[in-house]
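Encoded as structure tokens, the structure appears first; notes follow it.
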Amino acid sequence: MTLSADEAARFAALLEEHQESLVTTWTEHVASTLRGRLSHAELQRQNSELRRGFRQALAGSAQDLAGEPAAELRAQLAELSATRARQGFTATETAVSIFSFKDAVLTTIDAASGGDAIALRDYVAFSSFVDEAALFTFDSYVRVREELIADQAEQLLELSTPVVKLWEGVVAVPLVGTLDSARAQVVMERLLQTLVDTGSPYAIIDITGVPAVDTQVAQHVLKTVVAARLMGADCIISGIRPQIAQTIVALGIEFGDIATKASLADALRYVLAKAGQTKQKRREL
Amino acid sequence: MERVPVLKIGDILLVSIQIDMEDQVALQLQEDLADRIVATGCHGVIIDISALDIVDSFVGRTLATIAAISKVLDAETVVVGMRPAVAITLVELGLSLPGIRTALNVELGMELLARVRVDHFDDDDEEDAGATGTPAASDS
């Protein structure tokens, strides 16, 4: 049900005339649902801005929320949803903030006209307009939340895969957390790039922080090792916990001639011994 | 047709591939290298592929063939400077270039060759077992 031009005009006038009482009632409604997580003054400011947005849209005889006159109102609603989403409010709380505008308007109409038929029809039309607005905030809210989640996932990916230089010519990758395909890819690329950048012939992949090793995780680790070998670097796998060792054997995963060590310290000792041998041989030459 | 230059540095032949490896270029390189190893009597070959974006299965096989040929002529081959992207692609394709020695860069490649020669002089019986500074990639 869309608003007709004169309904919109009547409402614009109403919103203008009773702005004080409208905003106050509305703010009280919203404040009761948010239970004091936003200050009263802040809500008052937001609501009075939104009221102005609604009035402007209606004064421009907006029939629904999609049209040109409601553009500013849409922007305000999107802004509100984005802020609420970032502050951790639920979608319901955000939408109810808009819905409760209807209650405020109803109270005002009751007081002003005593409930005649025209006022009722106007109210129903206006009510659907507000519903639309609330649905719009819901959509924007969900969109912002999805962006937030995507951002956080990316940050987590960045954080969780450091490649550290352990010794001259030795780099280590302490893997922490579940190793899925996306992360394995990132780990592999970053490790190989570090090998090229630092010219380190040895890499240690430490899986102490990987909660479970299944065939897929083993596959990812093996691929990384083979790729590093293709480039001319040797990989050692360390940090295999007793539980994991049992799983590996039970699953029949073959690490072939890849060196595996129980702890990072063992792996480093092994690598240094190997590098030492190399140096000695060169001196003999 | 373009040709890949083969440079002699001391006891080593250095091949730096700076052009796209088409099949003909790869085969020509294989011939040139065999000729040069015999002509110079060098005992090491370093093939630098750091400028290559793509290594397909044919180029991979040619590299393996070159390694085998030089082995017959008593020269060790090291492929150096493979890019991460190339290595990842080869692994995804299941090509692990068996029998090819690799090193991260030319410098490490020369070290590896020196090490292999030492092992040769040390114990001629166990030259293969001792020369695994960076072991050949596994098939898994």
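Following the order of the structure tokens, first chain is A, next is B, and so on, with residues numbered from 1 inside each chain and ligands from 1 in the order they appear.
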
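Near A:Val23, within a cut-off of 9 Å and counting only C-alpha atoms, sit the residues His18, Gln19, Glu20, Trp26, Thr27, Glu28, Gln44, Asn47, Ser48, Arg51, Phe101 and Ala104 of chain A, with same-chain residues fewer than 3 positions away left out.
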
With N, CA and C atoms kept, could you save the residues just selected as a PDB file, in the first residue's frame?
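Once everything was written out, this is out.pdb:
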ATOM      1  N   HIS A  18       4.092  18.194  15.469  1.00  0.00           N
ATOM      2  CA  HIS A  18       4.278  17.557  16.776  1.00  0.00           C
ATOM      3  C   HIS A  18       5.704  17.069  16.982  1.00  0.00           C
ATOM      4  N   GLN A  19       6.683  17.741  16.358  1.00  0.00           N
ATOM      5  CA  GLN A  19       8.027  17.155  16.363  1.00  0.00           C
ATOM      6  C   GLN A  19       8.557  16.890  17.769  1.00  0.00           C
ATOM      7  N   GLU A  20       8.320  17.837  18.682  1.00  0.00           N
ATOM      8  CA  GLU A  20       8.848  17.678  20.052  1.00  0.00           C
ATOM      9  C   GLU A  20       8.343  16.387  20.699  1.00  0.00           C
ATOM     10  N   TRP A  26       9.177   8.602  20.892  1.00  0.00           N
ATOM     11  CA  TRP A  26       9.943   7.624  20.109  1.00  0.00           C
ATOM     12  C   TRP A  26      11.211   7.222  20.875  1.00  0.00           C
ATOM     13  N   THR A  27      11.936   8.233  21.345  1.00  0.00           N
ATOM     14  CA  THR A  27      13.185   7.965  22.061  1.00  0.00           C
ATOM     15  C   THR A  27      12.942   7.080  23.267  1.00  0.00           C
ATOM     16  N   GLU A  28      11.830   7.327  23.978  1.00  0.00           N
ATOM     17  CA  GLU A  28      11.527   6.493  25.146  1.00  0.00           C
ATOM     18  C   GLU A  28      11.313   5.038  24.744  1.00  0.00           C
ATOM     19  N   GLN A  44      18.163  10.611  21.202  1.00  0.00           N
ATOM     20  CA  GLN A  44      17.353  11.799  20.906  1.00  0.00           C
ATOM     21  C   GLN A  44      17.840  12.462  19.618  1.00  0.00           C
ATOM     22  N   ASN A  47      17.087  10.176  16.562  1.00  0.00           N
ATOM     23  CA  ASN A  47      15.664  10.155  16.232  1.00  0.00           C
ATOM     24  C   ASN A  47      15.187  11.462  15.633  1.00  0.00           C
ATOM     25  N   SER A  48      15.703  12.551  16.170  1.00  0.00           N
ATOM     26  CA  SER A  48      15.218  13.820  15.615  1.00  0.00           C
ATOM     27  C   SER A  48      15.740  13.995  14.201  1.00  0.00           C
ATOM     28  N   ARG A  51      13.474  11.795  12.101  1.00  0.00           N
ATOM     29  CA  ARG A  51      12.164  12.430  11.924  1.00  0.00           C
ATOM     30  C   ARG A  51      12.246  13.462  10.802  1.00  0.00           C
ATOM     31  N   PHE A 101       8.722   3.993  15.824  1.00  0.00           N
ATOM     32  CA  PHE A 101       8.278   5.301  15.339  1.00  0.00           C
ATOM     33  C   PHE A 101       6.761   5.271  15.125  1.00  0.00           C
ATOM     34  N   ALA A 104       4.980   5.905  18.322  1.00  0.00           N
ATOM     35  CA  ALA A 104       5.029   7.316  18.666  1.00  0.00           C
ATOM     36  C   ALA A 104       4.006   8.098  17.856  1.00  0.00           C
TER      37      ALA A 104
END

Counting only C-alpha atoms, which residues of chain B fall within 10 Å of chain A, and what is the closest atom pair for each with its distance in Å at one decimal, ordered by chain and rising number, as a Markdown table?
| residue | atom | partner | partner_atom | distance |
| --- | --- | --- | --- | --- |
| B:Val78 | CA | A:Gly232 | CA | 9.1 |
| B:Val79 | CA | A:Gly232 | CA | 8.1 |
| B:Val80 | CA | A:Met231 | CA | 7.0 |
| B:Gly81 | CA | A:Met231 | CA | 6.7 |
| B:Met82 | CA | A:Met231 | CA | 5.1 |
| B:Arg83 | CA | A:Met231 | CA | 7.1 |
| B:Pro84 | CA | A:Leu192 | CA | 5.3 |
| B:Ala85 | CA | A:Glu189 | CA | 7.6 |
| B:Val86 | CA | A:Ala227 | CA | 8.8 |
| B:Ala87 | CA | A:Ala227 | CA | 5.0 |
| B:Ile88 | CA | A:Ala227 | CA | 5.7 |
| B:Thr89 | CA | A:Ala227 | CA | 8.7 |
| B:Leu90 | CA | A:Ala227 | CA | 7.7 |
| B:Val91 | CA | A:Ala227 | CA | 6.0 |
| B:Glu92 | CA | A:Lys223 | CA | 7.9 |
| B:Gly94 | CA | A:Lys223 | CA | 9.4 |
| B:Leu95 | CA | A:Leu230 | CA | 9.6 |
| B:Ser96 | CA | A:Leu230 | CA | 6.9 |
| B:Leu97 | CA | A:Leu230 | CA | 7.4 |
| B:Pro98 | CA | A:Leu230 | CA | 9.3 |
| B:Ile100 | CA | A:Leu230 | CA | 8.5 |
| B:Arg101 | CA | A:Gly232 | CA | 7.3 |
| B:Thr102 | CA | A:Gly232 | CA | 4.1 |
| B:Ala103 | CA | A:Gly232 | CA | 3.6 |
| B:Leu104 | CA | A:Gly232 | CA | 5.0 |
| B:Asn105 | CA | A:Gly199 | CA | 7.1 |
| B:Glu107 | CA | A:Gly199 | CA | 9.4 |
| B:Leu108 | CA | A:Pro201 | CA | 8.1 |
| B:Gly109 | CA | A:Gly232 | CA | 8.6 |
| B:Glu111 | CA | A:Arg282 | CA | 7.8 |
| B:Leu112 | CA | A:Thr278 | CA | 8.8 |
| B:Ala114 | CA | A:Arg282 | CA | 7.1 |
| B:Arg115 | CA | A:Arg282 | CA | 6.4 |
| B:Val116 | CA | A:Lys281 | CA | 9.5 |
| B:Arg117 | CA | A:Leu285 | CA | 8.7 |
| B:Val118 | CA | A:Leu285 | CA | 6.3 |
| B:Asp119 | CA | A:Lys281 | CA | 8.4 |
| B:Phe121 | CA | A:Leu285 | CA | 9.6 |
| B:Asp122 | CA | A:Lys281 | CA | 9.8 |
| B:Gly133 | CA | A:Thr278 | CA | 7.7 |
| B:Thr134 | CA | A:Asp234 | CA | 6.0 |
| B:Pro135 | CA | A:Arg229 | CA | 7.6 |
| B:Ala136 | CA | A:Arg229 | CA | 7.3 |
| B:Ala137 | CA | A:Arg229 | CA | 5.7 |
| B:Ser138 | CA | A:Val226 | CA | 6.8 |
| B:Asp139 | CA | A:Val226 | CA | 8.4 |
| B:Ser140 | CA | A:Leu222 | CA | 7.4 |

Would you export the selected residues with C-alpha atoms as a PDB file, in the first residue's frame, please?
ATOM      1  CA  VAL B  78      71.269 -27.831 -10.996  1.00  0.00           C
ATOM      2  CA  VAL B  79      68.069 -25.962 -11.832  1.00  0.00           C
ATOM      3  CA  VAL B  80      67.980 -22.692  -9.890  1.00  0.00           C
ATOM      4  CA  GLY B  81      65.607 -19.800  -9.233  1.00  0.00           C
ATOM      5  CA  MET B  82      62.262 -21.490  -9.764  1.00  0.00           C
ATOM      6  CA  ARG B  83      59.497 -19.044  -8.891  1.00  0.00           C
ATOM      7  CA  PRO B  84      56.976 -19.922  -6.154  1.00  0.00           C
ATOM      8  CA  ALA B  85      54.088 -19.715  -8.613  1.00  0.00           C
ATOM      9  CA  VAL B  86      55.838 -22.121 -10.980  1.00  0.00           C
ATOM     10  CA  ALA B  87      56.587 -24.556  -8.143  1.00  0.00           C
ATOM     11  CA  ILE B  88      52.979 -24.461  -6.940  1.00  0.00           C
ATOM     12  CA  THR B  89      51.669 -25.057 -10.465  1.00  0.00           C
ATOM     13  CA  LEU B  90      54.021 -27.998 -10.990  1.00  0.00           C
ATOM     14  CA  VAL B  91      52.945 -29.548  -7.685  1.00  0.00           C
ATOM     15  CA  GLU B  92      49.263 -29.048  -8.514  1.00  0.00           C
ATOM     16  CA  GLY B  94      51.609 -33.604 -10.102  1.00  0.00           C
ATOM     17  CA  LEU B  95      54.956 -32.951 -11.825  1.00  0.00           C
ATOM     18  CA  SER B  96      57.717 -33.187  -9.266  1.00  0.00           C
ATOM     19  CA  LEU B  97      60.632 -33.222 -11.758  1.00  0.00           C
ATOM     20  CA  PRO B  98      62.265 -36.368 -10.397  1.00  0.00           C
ATOM     21  CA  ILE B 100      66.585 -32.879 -11.026  1.00  0.00           C
ATOM     22  CA  ARG B 101      68.685 -31.089  -8.421  1.00  0.00           C
ATOM     23  CA  THR B 102      67.363 -27.671  -7.476  1.00  0.00           C
ATOM     24  CA  ALA B 103      68.649 -24.637  -5.574  1.00  0.00           C
ATOM     25  CA  LEU B 104      67.115 -21.307  -4.630  1.00  0.00           C
ATOM     26  CA  ASN B 105      69.571 -19.105  -6.534  1.00  0.00           C
ATOM     27  CA  GLU B 107      74.980 -18.828  -5.611  1.00  0.00           C
ATOM     28  CA  LEU B 108      73.449 -21.738  -3.695  1.00  0.00           C
ATOM     29  CA  GLY B 109      73.485 -23.717  -6.930  1.00  0.00           C
ATOM     30  CA  GLU B 111      77.676 -24.316  -3.596  1.00  0.00           C
ATOM     31  CA  LEU B 112      75.630 -27.427  -4.272  1.00  0.00           C
ATOM     32  CA  ALA B 114      80.955 -27.800  -5.271  1.00  0.00           C
ATOM     33  CA  ARG B 115      79.547 -30.119  -2.594  1.00  0.00           C
ATOM     34  CA  VAL B 116      78.662 -32.755  -5.172  1.00  0.00           C
ATOM     35  CA  ARG B 117      82.216 -32.661  -6.584  1.00  0.00           C
ATOM     36  CA  VAL B 118      83.675 -33.088  -3.093  1.00  0.00           C
ATOM     37  CA  ASP B 119      81.514 -36.139  -2.600  1.00  0.00           C
ATOM     38  CA  PHE B 121      86.366 -37.271  -4.772  1.00  0.00           C
ATOM     39  CA  ASP B 122      85.542 -38.473  -1.259  1.00  0.00           C
ATOM     40  CA  GLY B 133      72.272 -31.784  -0.152  1.00  0.00           C
ATOM     41  CA  THR B 134      68.786 -31.045  -1.353  1.00  0.00           C
ATOM     42  CA  PRO B 135      67.227 -34.391  -2.078  1.00  0.00           C
ATOM     43  CA  ALA B 136      65.184 -35.007  -5.175  1.00  0.00           C
ATOM     44  CA  ALA B 137      61.497 -34.265  -4.759  1.00  0.00           C
ATOM     45  CA  SER B 138      59.392 -37.168  -3.573  1.00  0.00           C
ATOM     46  CA  ASP B 139      56.599 -38.561  -5.662  1.00  0.00           C
ATOM     47  CA  SER B 140      53.855 -38.228  -3.057  1.00  0.00           C
TER      48      SER B 140
END

Straight-line distance linking atom CA of B:Asp23 with atom CA of B:Ala64, stated in Å to one decimal: 14.1 Å

Backbone-only DSSP, strand (DSSP E or B) members of stretch 85-211 of chain A, as an MDAnalysis selection string: chainID A and resid 164:167 170:176 202:209

Write out the residues from the selection above, keeping C-alpha atoms, as a short mmCIF file (atom, residue, chain, number, x, y, z; two decimals), in the first residue's frame.
data_model
loop_
_atom_site.label_atom_id
_atom_site.label_comp_id
_atom_site.auth_asym_id
_atom_site.auth_seq_id
_atom_site.Cartn_x
_atom_site.Cartn_y
_atom_site.Cartn_z
CA VAL A 164 59.80 -16.24 10.84
CA LYS A 165 63.53 -16.34 10.30
CA LEU A 166 64.96 -18.72 12.89
CA TRP A 167 68.62 -18.74 11.96
CA VAL A 170 66.57 -21.24 8.24
CA VAL A 171 62.95 -20.03 8.22
CA ALA A 172 60.06 -21.48 10.22
CA VAL A 173 56.27 -21.44 9.79
CA PRO A 174 54.44 -22.01 13.08
CA LEU A 175 51.01 -23.18 11.95
CA VAL A 176 48.26 -22.33 14.43
CA TYR A 202 65.98 -24.75 4.93
CA ALA A 203 62.39 -24.38 6.11
CA ILE A 204 60.73 -25.83 9.20
CA ILE A 205 56.96 -26.32 9.21
CA ASP A 206 55.82 -26.52 12.82
CA ILE A 207 52.37 -28.04 13.31
CA THR A 208 52.22 -27.82 17.11
CA GLY A 209 49.22 -25.49 16.88
#

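Atom CA of B:His43 is found 6.0 Å from atom CA of B:Asp11.
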
Which of chain B DSSP labels alpha helix (DSSP H), written as a VMD selection string: chain B and resid 23 to 40 57 to 72 84 to 93 106 to 122 127 to 130

Atoms kept (C-alpha atoms) for selection, written as a PDB file, in the first residue's frame:
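So the final result, stored in out20.pdb, reads:
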ATOM      1  CA  ASP B  23      59.488 -26.579 -27.531  1.00  0.00           C
ATOM      2  CA  GLN B  24      62.004 -25.857 -30.304  1.00  0.00           C
ATOM      3  CA  VAL B  25      64.054 -23.571 -28.032  1.00  0.00           C
ATOM      4  CA  ALA B  26      64.158 -26.272 -25.371  1.00  0.00           C
ATOM      5  CA  LEU B  27      65.325 -28.935 -27.822  1.00  0.00           C
ATOM      6  CA  GLN B  28      67.947 -26.580 -29.286  1.00  0.00           C
ATOM      7  CA  LEU B  29      69.212 -25.857 -25.745  1.00  0.00           C
ATOM      8  CA  GLN B  30      69.485 -29.582 -25.082  1.00  0.00           C
ATOM      9  CA  GLU B  31      71.677 -30.029 -28.165  1.00  0.00           C
ATOM     10  CA  ASP B  32      73.798 -26.929 -27.522  1.00  0.00           C
ATOM     11  CA  LEU B  33      74.462 -27.956 -23.930  1.00  0.00           C
ATOM     12  CA  ALA B  34      75.565 -31.462 -24.866  1.00  0.00           C
ATOM     13  CA  ASP B  35      77.961 -29.973 -27.431  1.00  0.00           C
ATOM     14  CA  ARG B  36      79.359 -27.412 -24.998  1.00  0.00           C
ATOM     15  CA  ILE B  37      79.878 -29.906 -22.170  1.00  0.00           C
ATOM     16  CA  VAL B  38      81.978 -32.065 -24.483  1.00  0.00           C
ATOM     17  CA  ALA B  39      83.804 -29.066 -25.966  1.00  0.00           C
ATOM     18  CA  THR B  40      84.675 -27.400 -22.634  1.00  0.00           C
ATOM     19  CA  SER B  57      55.315 -30.555 -18.835  1.00  0.00           C
ATOM     20  CA  PHE B  58      57.458 -30.546 -21.983  1.00  0.00           C
ATOM     21  CA  VAL B  59      59.956 -28.062 -20.572  1.00  0.00           C
ATOM     22  CA  GLY B  60      59.958 -30.048 -17.321  1.00  0.00           C
ATOM     23  CA  ARG B  61      60.776 -33.226 -19.202  1.00  0.00           C
ATOM     24  CA  THR B  62      63.447 -31.491 -21.280  1.00  0.00           C
ATOM     25  CA  LEU B  63      65.105 -30.279 -18.071  1.00  0.00           C
ATOM     26  CA  ALA B  64      65.109 -33.854 -16.793  1.00  0.00           C
ATOM     27  CA  THR B  65      66.581 -35.068 -20.092  1.00  0.00           C
ATOM     28  CA  ILE B  66      69.292 -32.392 -19.960  1.00  0.00           C
ATOM     29  CA  ALA B  67      70.155 -33.508 -16.436  1.00  0.00           C
ATOM     30  CA  ALA B  68      70.390 -37.115 -17.569  1.00  0.00           C
ATOM     31  CA  ILE B  69      72.516 -36.231 -20.630  1.00  0.00           C
ATOM     32  CA  SER B  70      74.981 -34.176 -18.602  1.00  0.00           C
ATOM     33  CA  LYS B  71      75.186 -36.964 -16.045  1.00  0.00           C
ATOM     34  CA  VAL B  72      76.319 -39.295 -18.825  1.00  0.00           C
ATOM     35  CA  PRO B  84      56.976 -19.922  -6.154  1.00  0.00           C
ATOM     36  CA  ALA B  85      54.088 -19.715  -8.613  1.00  0.00           C
ATOM     37  CA  VAL B  86      55.838 -22.121 -10.980  1.00  0.00           C
ATOM     38  CA  ALA B  87      56.587 -24.556  -8.143  1.00  0.00           C
ATOM     39  CA  ILE B  88      52.979 -24.461  -6.940  1.00  0.00           C
ATOM     40  CA  THR B  89      51.669 -25.057 -10.465  1.00  0.00           C
ATOM     41  CA  LEU B  90      54.021 -27.998 -10.990  1.00  0.00           C
ATOM     42  CA  VAL B  91      52.945 -29.548  -7.685  1.00  0.00           C
ATOM     43  CA  GLU B  92      49.263 -29.048  -8.514  1.00  0.00           C
ATOM     44  CA  LEU B  93      49.890 -30.723 -11.873  1.00  0.00           C
ATOM     45  CA  VAL B 106      72.738 -19.259  -8.636  1.00  0.00           C
ATOM     46  CA  GLU B 107      74.980 -18.828  -5.611  1.00  0.00           C
ATOM     47  CA  LEU B 108      73.449 -21.738  -3.695  1.00  0.00           C
ATOM     48  CA  GLY B 109      73.485 -23.717  -6.930  1.00  0.00           C
ATOM     49  CA  MET B 110      77.259 -23.242  -7.235  1.00  0.00           C
ATOM     50  CA  GLU B 111      77.676 -24.316  -3.596  1.00  0.00           C
ATOM     51  CA  LEU B 112      75.630 -27.427  -4.272  1.00  0.00           C
ATOM     52  CA  LEU B 113      77.778 -28.286  -7.306  1.00  0.00           C
ATOM     53  CA  ALA B 114      80.955 -27.800  -5.271  1.00  0.00           C
ATOM     54  CA  ARG B 115      79.547 -30.119  -2.594  1.00  0.00           C
ATOM     55  CA  VAL B 116      78.662 -32.755  -5.172  1.00  0.00           C
ATOM     56  CA  ARG B 117      82.216 -32.661  -6.584  1.00  0.00           C
ATOM     57  CA  VAL B 118      83.675 -33.088  -3.093  1.00  0.00           C
ATOM     58  CA  ASP B 119      81.514 -36.139  -2.600  1.00  0.00           C
ATOM     59  CA  HIS B 120      82.761 -37.485  -5.909  1.00  0.00           C
ATOM     60  CA  PHE B 121      86.366 -37.271  -4.772  1.00  0.00           C
ATOM     61  CA  ASP B 122      85.542 -38.473  -1.259  1.00  0.00           C
ATOM     62  CA  GLU B 127      78.480 -40.764  -4.963  1.00  0.00           C
ATOM     63  CA  ASP B 128      74.709 -40.857  -5.222  1.00  0.00           C
ATOM     64  CA  ALA B 129      73.989 -41.505  -1.571  1.00  0.00           C
ATOM     65  CA  GLY B 130      76.291 -38.726  -0.409  1.00  0.00           C
TER      66      GLY B 130
END

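Coordinates place atom CA of A:Gly276 at a distance of 24.9 Å from atom CA of A:Ile240.
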
Shortest interatomic distance to A:Val187 - which of A:Leu157, A:Ala70, A:Lys261, A:Asp214, counting only C-alpha atoms: A:Leu157

Given only C-alpha atoms as the counted atoms, nearest of A:His29, A:Arg145, A:Arg241, A:Arg183 to A:Phe89: A:Arg145

Just want the 10 Å neighbourhood of B:Ile19, counted on only C-alpha atoms, with same-chain residues fewer than 6 positions away dropped. Output as a PDB file with N, CA and C atoms, in the first residue's frame.
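Result written to out.pdb:
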ATOM      1  N   GLU B   2      65.036 -18.045 -31.780  1.00  0.00           N
ATOM      2  CA  GLU B   2      65.838 -17.544 -30.671  1.00  0.00           C
ATOM      3  C   GLU B   2      66.636 -18.687 -30.043  1.00  0.00           C
ATOM      4  N   ARG B   3      67.768 -18.320 -29.476  1.00  0.00           N
ATOM      5  CA  ARG B   3      68.637 -19.325 -28.854  1.00  0.00           C
ATOM      6  C   ARG B   3      68.955 -18.888 -27.442  1.00  0.00           C
ATOM      7  N   VAL B   4      69.146 -19.852 -26.569  1.00  0.00           N
ATOM      8  CA  VAL B   4      69.525 -19.533 -25.195  1.00  0.00           C
ATOM      9  C   VAL B   4      71.046 -19.615 -25.098  1.00  0.00           C
ATOM     10  N   VAL B  25      62.975 -24.211 -28.790  1.00  0.00           N
ATOM     11  CA  VAL B  25      64.054 -23.571 -28.032  1.00  0.00           C
ATOM     12  C   VAL B  25      64.623 -24.570 -27.026  1.00  0.00           C
ATOM     13  N   ILE B  49      66.155 -20.493 -14.145  1.00  0.00           N
ATOM     14  CA  ILE B  49      64.828 -20.297 -14.751  1.00  0.00           C
ATOM     15  C   ILE B  49      64.044 -19.229 -13.987  1.00  0.00           C
ATOM     16  N   ALA B  51      63.511 -16.287 -14.681  1.00  0.00           N
ATOM     17  CA  ALA B  51      62.729 -15.390 -15.520  1.00  0.00           C
ATOM     18  C   ALA B  51      61.531 -16.089 -16.154  1.00  0.00           C
ATOM     19  N   LEU B  52      61.391 -17.381 -15.875  1.00  0.00           N
ATOM     20  CA  LEU B  52      60.301 -18.127 -16.518  1.00  0.00           C
ATOM     21  C   LEU B  52      59.020 -18.054 -15.690  1.00  0.00           C
ATOM     22  N   ASP B  53      57.930 -17.606 -16.332  1.00  0.00           N
ATOM     23  CA  ASP B  53      56.623 -17.571 -15.657  1.00  0.00           C
ATOM     24  C   ASP B  53      55.931 -18.919 -15.758  1.00  0.00           C
TER      25      ASP B  53
END
